[in-house]
Every structure is written in structure tokens, then in C-alpha cells.
Amino acid sequence: MPAEFGIVIHGGAGTILKDKMTPDKEAEYRERLTESLRVGYEILDRGGAALDAVQAAVVVMEDSPLFNAGKGAVFTHDGTNEQDASIMCGRTLNSGAVAGVRRVKNPVDLARLVMDKSEHILLAGDGAEAFGKLYGIELVDSDYFYTEHRWKQLQAAKYKEKLTQSDYSQLDHSDDKHGTVGAVALDKKGDLAAATSSGGMTNKKFGRLGDSLIVGAGTYANNVTCAVSGTGHGEYFITAVVAYTVAVLMEHKGLSVEEAAESAIGGRFAELGGTGGLIAIDRGGNIAMPFNTPGMYRGYLLPGQKPVVAIFKD
Ligand code: ASP
């Protein structure tokens, strides 16, 4: 159903199984996803920009320990938190991104600053933080990102790394979920925007960066077609240029946003072994949220409707 404006969000895709989720945990996730939708929607409803809406919606998820971004970011092999984020405007095609930042409370805010205040698109590490400081970005101590749950995930990942193939296959992998948060929106002026923020993959090494910060892979927006944010195994998103593929299939093959999104997740990405999902909204307010994992935290809010939030494949 086309809509004049609207917002779609995700809080990560992966092995999210209903029988491993307690009712309390599920309620917490639903509450936070709903809050993120409402915060973004409210901006759109009063005539605000899609860019501001996606940024604000992502900040809500970054501030929650539940998601792999901001406060709840996963740990690297060395026990640090290195985060990636990007944001893109569908009207101007301007974008901003940050890679491997360690002390920024809200990486999506820094990505927005890179877009608005620098002459560059991508800033990394200490340099990105120094740039953010010039504009008063909030920096926090590394303790801020400590959560017991993520620390245990790192220990589990290190343990699994040492196992033989057959020992590994017998383990419970229900907690091997990816993370990342993202939002896409269409505003009343007809502008589209997308934002993505991620702690990356648990136990990552050697300064590994993911797709979340890469325009065309994890994030893309173009008013001609759609806005997209992805979550899942970043290496495959980069190889299959997933986010841009959705836009290209719409622009050059005339596919609908649903068809293009399904095809981007089900096509080369899946054939190569990629797991994950994406959210997309087109210039007519049509949305898509395909994924090939057992679950994806996701939701949307369109005019005249209640927030819709879902987790499992239902
Ligand atoms: N795409 C992110 C990355 O590879 C992780 C995720 O979404 O699960 O860094």
C-alpha cells in the first residue's frame, strides 16, 4: 500500500529463534523497536526531513544495550568495541560514514556530521573522533560499551574458534546472531534517506570493517528509486553490493521495491553464502523487509496505522 510518508527500521538479522527468546526479552525488543519507530515517525509527521528521522530512529537503538550498535556493540577479538555507521540522503546523494570508531556514543551522529560538515564521505578511527570533537560529538569511555552479554558472546566465539569442525557442528548456535541497526524513511517532501550503524561482528580482528559504513553495500538512498539498509554477513553485502542492487533493479529493470529487495537478498548474495536481510522503502511509500535468516528485528510505521513490529519469520 503506497503511503505519503513512512519509516522502516531493523535491529539486526540472524539466528533469532522463538524457543530461545523469553517473553520478557521479546517484550523489551518490541518496546525499543516501537520507540525507535515513533521517534522517527514523529519527525516525519510534523514535516521533518527523512534524514533527521532515520538518524533519530537509529540513535534510539544505539542507546539500547539490546542491539549491536552504540551501547550494545559487540566486542572485537582484542576486547574493544569498534563501530561503523553511515547515512545517505536520497535527494542530493550526499553521504557520510565512519569506520572503526571506539569512543563515539552515537556513531550515526558522527556519520551525519561527516556528511554535513566535512568535504569527505568516510572518516576512520582516531581521525574521525578528532573531527567529531570539533563539532562537540559526545565521546564516552570504553566502559560505556561494556555489557555482560556481549562479553560472554566474545568468550563463546573465541572458544568456538578453537574447536574442530565436528565439535563445532554439535554446539548450540542459537546465539550466533548478527547485529546492526538501520532505518529508511520517506518524508512529506518526497525525499528518501537511509542510515545504518553497527558494532560489526563479534571477535573481529585486524581492524575488520563491515558493510554498514559502505554506501551501496549496507546503505543506499536515491529519490529516483528507494532507500535501503542491510544487516547480516557484511563481507557478502560488500561482494554482492546489496543495497545498490535493490535500487538498480528498480531503476533499470522496472521491478517493484518488494521484487527488487527479494531479488537482492535471494540472488547473488544468497548464492555466495550470504545470510542477512534488509529494509527498503520506495518513493511511493511501499516497503520491503526480506531476510534469509531465522529472524530479523524489524518494524514499520505508516500514516493511519499502528506501529508494526516483528522478530521471527511470521
Ligand atoms: N553487517 C554487519 C557487519 O558485517 C553485521 C550485521 O549486520 O550483523 O559488520
# chains A, B, ... in the order shown; residues from 1 in each chain; ligands from 1
call {"tool": "select_by_dssp", "arguments": {"residues": "range 33-271 of chain A", "states": "strand (DSSP E or B)", "output": "number ranges by chain"}}
result
A: 83-89, 95-101, 104, 122-124, 139, 181-186, 192-198, 215, 219-221, 226-232
call {"tool": "closest_atom_pairs", "arguments": {"of": "chain A", "to": "ligand 1", "cutoff": "10 Å", "atoms": "only C-alpha atoms and all ligand atoms", "output": "JSON lines"}}
result
{"residue": "A:His10", "atom": "CA", "partner": "ligand 1", "partner_atom_place_in_ligand_line": "7 (O)", "distance": 9.7}
{"residue": "A:Gly11", "atom": "CA", "partner": "ligand 1", "partner_atom_place_in_ligand_line": "7 (O)", "distance": 8.6}
{"residue": "A:Gly12", "atom": "CA", "partner": "ligand 1", "partner_atom_place_in_ligand_line": "7 (O)", "distance": 5.6}
{"residue": "A:Ala13", "atom": "CA", "partner": "ligand 1", "partner_atom_place_in_ligand_line": "8 (O)", "distance": 6.3}
{"residue": "A:Gly14", "atom": "CA", "partner": "ligand 1", "partner_atom_place_in_ligand_line": "8 (O)", "distance": 7.2}
{"residue": "A:Phe67", "atom": "CA", "partner": "ligand 1", "partner_atom_place_in_ligand_line": "8 (O)", "distance": 10.0}
{"residue": "A:Asn68", "atom": "CA", "partner": "ligand 1", "partner_atom_place_in_ligand_line": "8 (O)", "distance": 7.7}
{"residue": "A:Ala69", "atom": "CA", "partner": "ligand 1", "partner_atom_place_in_ligand_line": "5 (C)", "distance": 9.5}
{"residue": "A:Val74", "atom": "CA", "partner": "ligand 1", "partner_atom_place_in_ligand_line": "5 (C)", "distance": 9.7}
{"residue": "A:Gln83", "atom": "CA", "partner": "ligand 1", "partner_atom_place_in_ligand_line": "9 (O)", "distance": 8.6}
{"residue": "A:Asp84", "atom": "CA", "partner": "ligand 1", "partner_atom_place_in_ligand_line": "9 (O)", "distance": 7.5}
{"residue": "A:Ala85", "atom": "CA", "partner": "ligand 1", "partner_atom_place_in_ligand_line": "9 (O)", "distance": 9.6}
{"residue": "A:Asp176", "atom": "CA", "partner": "ligand 1", "partner_atom_place_in_ligand_line": "8 (O)", "distance": 9.7}
{"residue": "A:Lys177", "atom": "CA", "partner": "ligand 1", "partner_atom_place_in_ligand_line": "8 (O)", "distance": 7.0}
{"residue": "A:His178", "atom": "CA", "partner": "ligand 1", "partner_atom_place_in_ligand_line": "8 (O)", "distance": 3.3}
{"residue": "A:Gly179", "atom": "CA", "partner": "ligand 1", "partner_atom_place_in_ligand_line": "8 (O)", "distance": 3.7}
{"residue": "A:Thr180", "atom": "CA", "partner": "ligand 1", "partner_atom_place_in_ligand_line": "7 (O)", "distance": 4.3}
{"residue": "A:Val181", "atom": "CA", "partner": "ligand 1", "partner_atom_place_in_ligand_line": "7 (O)", "distance": 7.3}
{"residue": "A:Gly182", "atom": "CA", "partner": "ligand 1", "partner_atom_place_in_ligand_line": "7 (O)", "distance": 9.2}
{"residue": "A:Thr196", "atom": "CA", "partner": "ligand 1", "partner_atom_place_in_ligand_line": "7 (O)", "distance": 9.0}
{"residue": "A:Ser197", "atom": "CA", "partner": "ligand 1", "partner_atom_place_in_ligand_line": "2 (C)", "distance": 8.5}
{"residue": "A:Ser198", "atom": "CA", "partner": "ligand 1", "partner_atom_place_in_ligand_line": "2 (C)", "distance": 6.0}
{"residue": "A:Gly199", "atom": "CA", "partner": "ligand 1", "partner_atom_place_in_ligand_line": "9 (O)", "distance": 6.6}
{"residue": "A:Gly200", "atom": "CA", "partner": "ligand 1", "partner_atom_place_in_ligand_line": "9 (O)", "distance": 3.3}
{"residue": "A:Met201", "atom": "CA", "partner": "ligand 1", "partner_atom_place_in_ligand_line": "9 (O)", "distance": 5.4}
{"residue": "A:Thr202", "atom": "CA", "partner": "ligand 1", "partner_atom_place_in_ligand_line": "5 (C)", "distance": 8.9}
{"residue": "A:Lys204", "atom": "CA", "partner": "ligand 1", "partner_atom_place_in_ligand_line": "9 (O)", "distance": 9.1}
{"residue": "A:Arg208", "atom": "CA", "partner": "ligand 1", "partner_atom_place_in_ligand_line": "9 (O)", "distance": 8.4}
{"residue": "A:Leu209", "atom": "CA", "partner": "ligand 1", "partner_atom_place_in_ligand_line": "9 (O)", "distance": 6.3}
{"residue": "A:Gly210", "atom": "CA", "partner": "ligand 1", "partner_atom_place_in_ligand_line": "9 (O)", "distance": 3.6}
{"residue": "A:Asp211", "atom": "CA", "partner": "ligand 1", "partner_atom_place_in_ligand_line": "1 (N)", "distance": 5.4}
{"residue": "A:Ser212", "atom": "CA", "partner": "ligand 1", "partner_atom_place_in_ligand_line": "1 (N)", "distance": 5.5}
{"residue": "A:Leu213", "atom": "CA", "partner": "ligand 1", "partner_atom_place_in_ligand_line": "9 (O)", "distance": 8.4}
{"residue": "A:Ala217", "atom": "CA", "partner": "ligand 1", "partner_atom_place_in_ligand_line": "1 (N)", "distance": 9.3}
{"residue": "A:Gly218", "atom": "CA", "partner": "ligand 1", "partner_atom_place_in_ligand_line": "1 (N)", "distance": 6.9}
{"residue": "A:Ser229", "atom": "CA", "partner": "ligand 1", "partner_atom_place_in_ligand_line": "7 (O)", "distance": 9.6}
{"residue": "A:Gly230", "atom": "CA", "partner": "ligand 1", "partner_atom_place_in_ligand_line": "7 (O)", "distance": 6.7}
{"residue": "A:Thr231", "atom": "CA", "partner": "ligand 1", "partner_atom_place_in_ligand_line": "7 (O)", "distance": 3.4}
{"residue": "A:Gly232", "atom": "CA", "partner": "ligand 1", "partner_atom_place_in_ligand_line": "7 (O)", "distance": 3.8}
{"residue": "A:His233", "atom": "CA", "partner": "ligand 1", "partner_atom_place_in_ligand_line": "4 (O)", "distance": 4.6}
{"residue": "A:Gly234", "atom": "CA", "partner": "ligand 1", "partner_atom_place_in_ligand_line": "4 (O)", "distance": 3.1}
{"residue": "A:Glu235", "atom": "CA", "partner": "ligand 1", "partner_atom_place_in_ligand_line": "4 (O)", "distance": 6.2}
{"residue": "A:Tyr236", "atom": "CA", "partner": "ligand 1", "partner_atom_place_in_ligand_line": "4 (O)", "distance": 8.3}
{"residue": "A:Phe237", "atom": "CA", "partner": "ligand 1", "partner_atom_place_in_ligand_line": "1 (N)", "distance": 7.4}
{"residue": "A:Ile238", "atom": "CA", "partner": "ligand 1", "partner_atom_place_in_ligand_line": "4 (O)", "distance": 8.9}
{"residue": "A:Thr275", "atom": "CA", "partner": "ligand 1", "partner_atom_place_in_ligand_line": "8 (O)", "distance": 9.0}
{"residue": "A:Gly276", "atom": "CA", "partner": "ligand 1", "partner_atom_place_in_ligand_line": "7 (O)", "distance": 7.2}
{"residue": "A:Gly277", "atom": "CA", "partner": "ligand 1", "partner_atom_place_in_ligand_line": "7 (O)", "distance": 8.4}
{"residue": "A:Leu278", "atom": "CA", "partner": "ligand 1", "partner_atom_place_in_ligand_line": "7 (O)", "distance": 9.4}
call {"tool": "closest_residue", "arguments": {"among": "A:Lys105, A:Val54, A:Phe75, A:Asn203", "to": "Tyr159 in chain A", "atoms": "only C-alpha atoms"}}
result
A:Asn203
call {"tool": "atom_distance", "arguments": {"atom1": "CA of Gly273 in chain A", "atom2": "CA of Val241 in chain A"}}
result
14.0 Å
call {"tool": "closest_residue", "arguments": {"among": "A:Cys89, A:His77, A:Leu123, A:Ala97", "to": "Ala111 in chain A", "atoms": "only C-alpha atoms"}}
result
A:Ala97
call {"tool": "closest_atom_pairs", "arguments": {"of": "range 48-86 of chain A", "to": "range 23-41 of chain A", "cutoff": "8 Å", "atoms": "only C-alpha atoms", "output": "Markdown table"}}
result
| residue | atom | partner | partner_atom | distance |
| --- | --- | --- | --- | --- |
| A:Asp52 | CA | A:Gly40 | CA | 7.7 |
| A:Ala53 | CA | A:Gly40 | CA | 4.2 |
| A:Val54 | CA | A:Gly40 | CA | 6.2 |
| A:Gln55 | CA | A:Gly40 | CA | 7.9 |
| A:Ala56 | CA | A:Gly40 | CA | 5.9 |
| A:Ala57 | CA | A:Ser36 | CA | 4.6 |
| A:Val58 | CA | A:Ser36 | CA | 7.0 |
| A:Val60 | CA | A:Ser36 | CA | 5.4 |
| A:Met61 | CA | A:Ser36 | CA | 6.6 |
| A:Ser64 | CA | A:Arg32 | CA | 7.6 |
| A:Leu66 | CA | A:Tyr29 | CA | 7.1 |
call {"tool": "residues_around", "arguments": {"residues": "range 243-257 of chain A", "least_positions_apart": "4", "cutoff": "6 Å", "atoms": "only C-alpha atoms", "output": "list in words"}}
result
Gly216, Ala217, Gly218, Thr219, Tyr220, Thr225, Val228, Ala261 and Ala264 of chain A
call {"tool": "write_last_selection", "arguments": {"atoms": "N, CA and C atoms", "output": "short mmCIF file (atom, residue, chain, number, x, y, z; two decimals), in the first residue's frame"}}
result
data_model
loop_
_atom_site.label_atom_id
_atom_site.label_comp_id
_atom_site.auth_asym_id
_atom_site.auth_seq_id
_atom_site.Cartn_x
_atom_site.Cartn_y
_atom_site.Cartn_z
N GLY A 216 26.19 1.75 -0.83
CA GLY A 216 25.99 0.80 -1.92
C GLY A 216 25.95 -0.63 -1.42
N ALA A 217 26.68 -0.91 -0.33
CA ALA A 217 26.69 -2.27 0.23
C ALA A 217 25.65 -2.39 1.34
N GLY A 218 25.86 -1.63 2.45
CA GLY A 218 24.96 -1.73 3.59
C GLY A 218 23.94 -0.61 3.66
N THR A 219 24.17 0.45 2.92
CA THR A 219 23.30 1.63 2.98
C THR A 219 23.19 2.24 1.58
N TYR A 220 21.98 2.65 1.21
CA TYR A 220 21.85 3.39 -0.05
C TYR A 220 20.53 4.15 -0.08
N THR A 225 14.53 6.04 -6.76
CA THR A 225 14.05 4.68 -6.51
C THR A 225 13.68 4.44 -5.05
N VAL A 228 17.65 2.02 1.35
CA VAL A 228 17.90 0.64 1.79
C VAL A 228 18.90 0.63 2.95
N ALA A 261 14.00 -6.04 -3.66
CA ALA A 261 14.60 -6.39 -2.37
C ALA A 261 14.72 -7.91 -2.22
N ALA A 264 17.54 -9.05 -4.42
CA ALA A 264 18.88 -8.70 -3.91
C ALA A 264 19.32 -9.65 -2.79
#
call {"tool": "decode", "arguments": {"residues": "range 145-159 of chain A", "atoms": "N, CA, C and O atoms", "output": "mmCIF file, in the first residue's frame"}}
result
data_model
loop_
_atom_site.group_PDB
_atom_site.id
_atom_site.type_symbol
_atom_site.label_atom_id
_atom_site.label_comp_id
_atom_site.auth_asym_id
_atom_site.auth_seq_id
_atom_site.Cartn_x
_atom_site.Cartn_y
_atom_site.Cartn_z
ATOM 1 N N PHE A 145 30.570 0.882 26.805
ATOM 2 C CA PHE A 145 30.126 -0.151 25.857
ATOM 3 C C PHE A 145 30.180 -1.562 26.448
ATOM 4 O O PHE A 145 29.883 -2.523 25.747
ATOM 5 N N TYR A 146 30.573 -1.651 27.732
ATOM 6 C CA TYR A 146 30.636 -2.996 28.307
ATOM 7 C C TYR A 146 29.243 -3.508 28.640
ATOM 8 O O TYR A 146 28.491 -2.885 29.375
ATOM 9 N N THR A 147 28.890 -4.677 28.088
ATOM 10 C CA THR A 147 27.682 -5.382 28.540
ATOM 11 C C THR A 147 28.094 -6.842 28.731
ATOM 12 O O THR A 147 28.863 -7.392 27.929
ATOM 13 N N GLU A 148 27.579 -7.434 29.783
ATOM 14 C CA GLU A 148 27.986 -8.787 30.136
ATOM 15 C C GLU A 148 27.669 -9.776 29.007
ATOM 16 O O GLU A 148 28.464 -10.650 28.660
ATOM 17 N N HIS A 149 26.491 -9.565 28.452
ATOM 18 C CA HIS A 149 26.007 -10.418 27.384
ATOM 19 C C HIS A 149 26.978 -10.458 26.190
ATOM 20 O O HIS A 149 27.343 -11.511 25.681
ATOM 21 N N ARG A 150 27.463 -9.283 25.778
ATOM 22 C CA ARG A 150 28.401 -9.220 24.641
ATOM 23 C C ARG A 150 29.759 -9.809 25.022
ATOM 24 O O ARG A 150 30.429 -10.407 24.187
ATOM 25 N N TRP A 151 30.145 -9.592 26.276
ATOM 26 C CA TRP A 151 31.434 -10.126 26.722
ATOM 27 C C TRP A 151 31.399 -11.652 26.665
ATOM 28 O O TRP A 151 32.334 -12.294 26.186
ATOM 29 N N LYS A 152 30.273 -12.220 27.102
ATOM 30 C CA LYS A 152 30.128 -13.679 27.054
ATOM 31 C C LYS A 152 30.112 -14.166 25.605
ATOM 32 O O LYS A 152 30.645 -15.231 25.298
ATOM 33 N N GLN A 153 29.484 -13.392 24.740
ATOM 34 C CA GLN A 153 29.470 -13.775 23.318
ATOM 35 C C GLN A 153 30.897 -13.843 22.759
ATOM 36 O O GLN A 153 31.225 -14.716 21.970
ATOM 37 N N LEU A 154 31.729 -12.904 23.191
ATOM 38 C CA LEU A 154 33.116 -12.912 22.722
ATOM 39 C C LEU A 154 33.841 -14.160 23.232
ATOM 40 O O LEU A 154 34.544 -14.825 22.464
ATOM 41 N N GLN A 155 33.638 -14.486 24.515
ATOM 42 C CA GLN A 155 34.312 -15.675 25.058
ATOM 43 C C GLN A 155 33.837 -16.923 24.304
ATOM 44 O O GLN A 155 34.631 -17.800 23.971
ATOM 45 N N ALA A 156 32.534 -16.982 24.025
ATOM 46 C CA ALA A 156 31.978 -18.136 23.309
ATOM 47 C C ALA A 156 32.559 -18.216 21.894
ATOM 48 O O ALA A 156 32.915 -19.294 21.407
ATOM 49 N N ALA A 157 32.688 -17.064 21.253
ATOM 50 C CA ALA A 157 33.211 -17.038 19.872
ATOM 51 C C ALA A 157 34.669 -17.497 19.862
ATOM 52 O O ALA A 157 35.101 -18.237 18.975
ATOM 53 N N LYS A 158 35.425 -17.091 20.877
ATOM 54 C CA LYS A 158 36.841 -17.488 20.945
ATOM 55 C C LYS A 158 36.953 -18.993 21.196
ATOM 56 O O LYS A 158 37.828 -19.655 20.647
ATOM 57 N N TYR A 159 36.051 -19.489 22.023
ATOM 58 C CA TYR A 159 36.043 -20.918 22.319
ATOM 59 C C TYR A 159 35.732 -21.722 21.044
ATOM 60 O O TYR A 159 36.430 -22.680 20.703
#
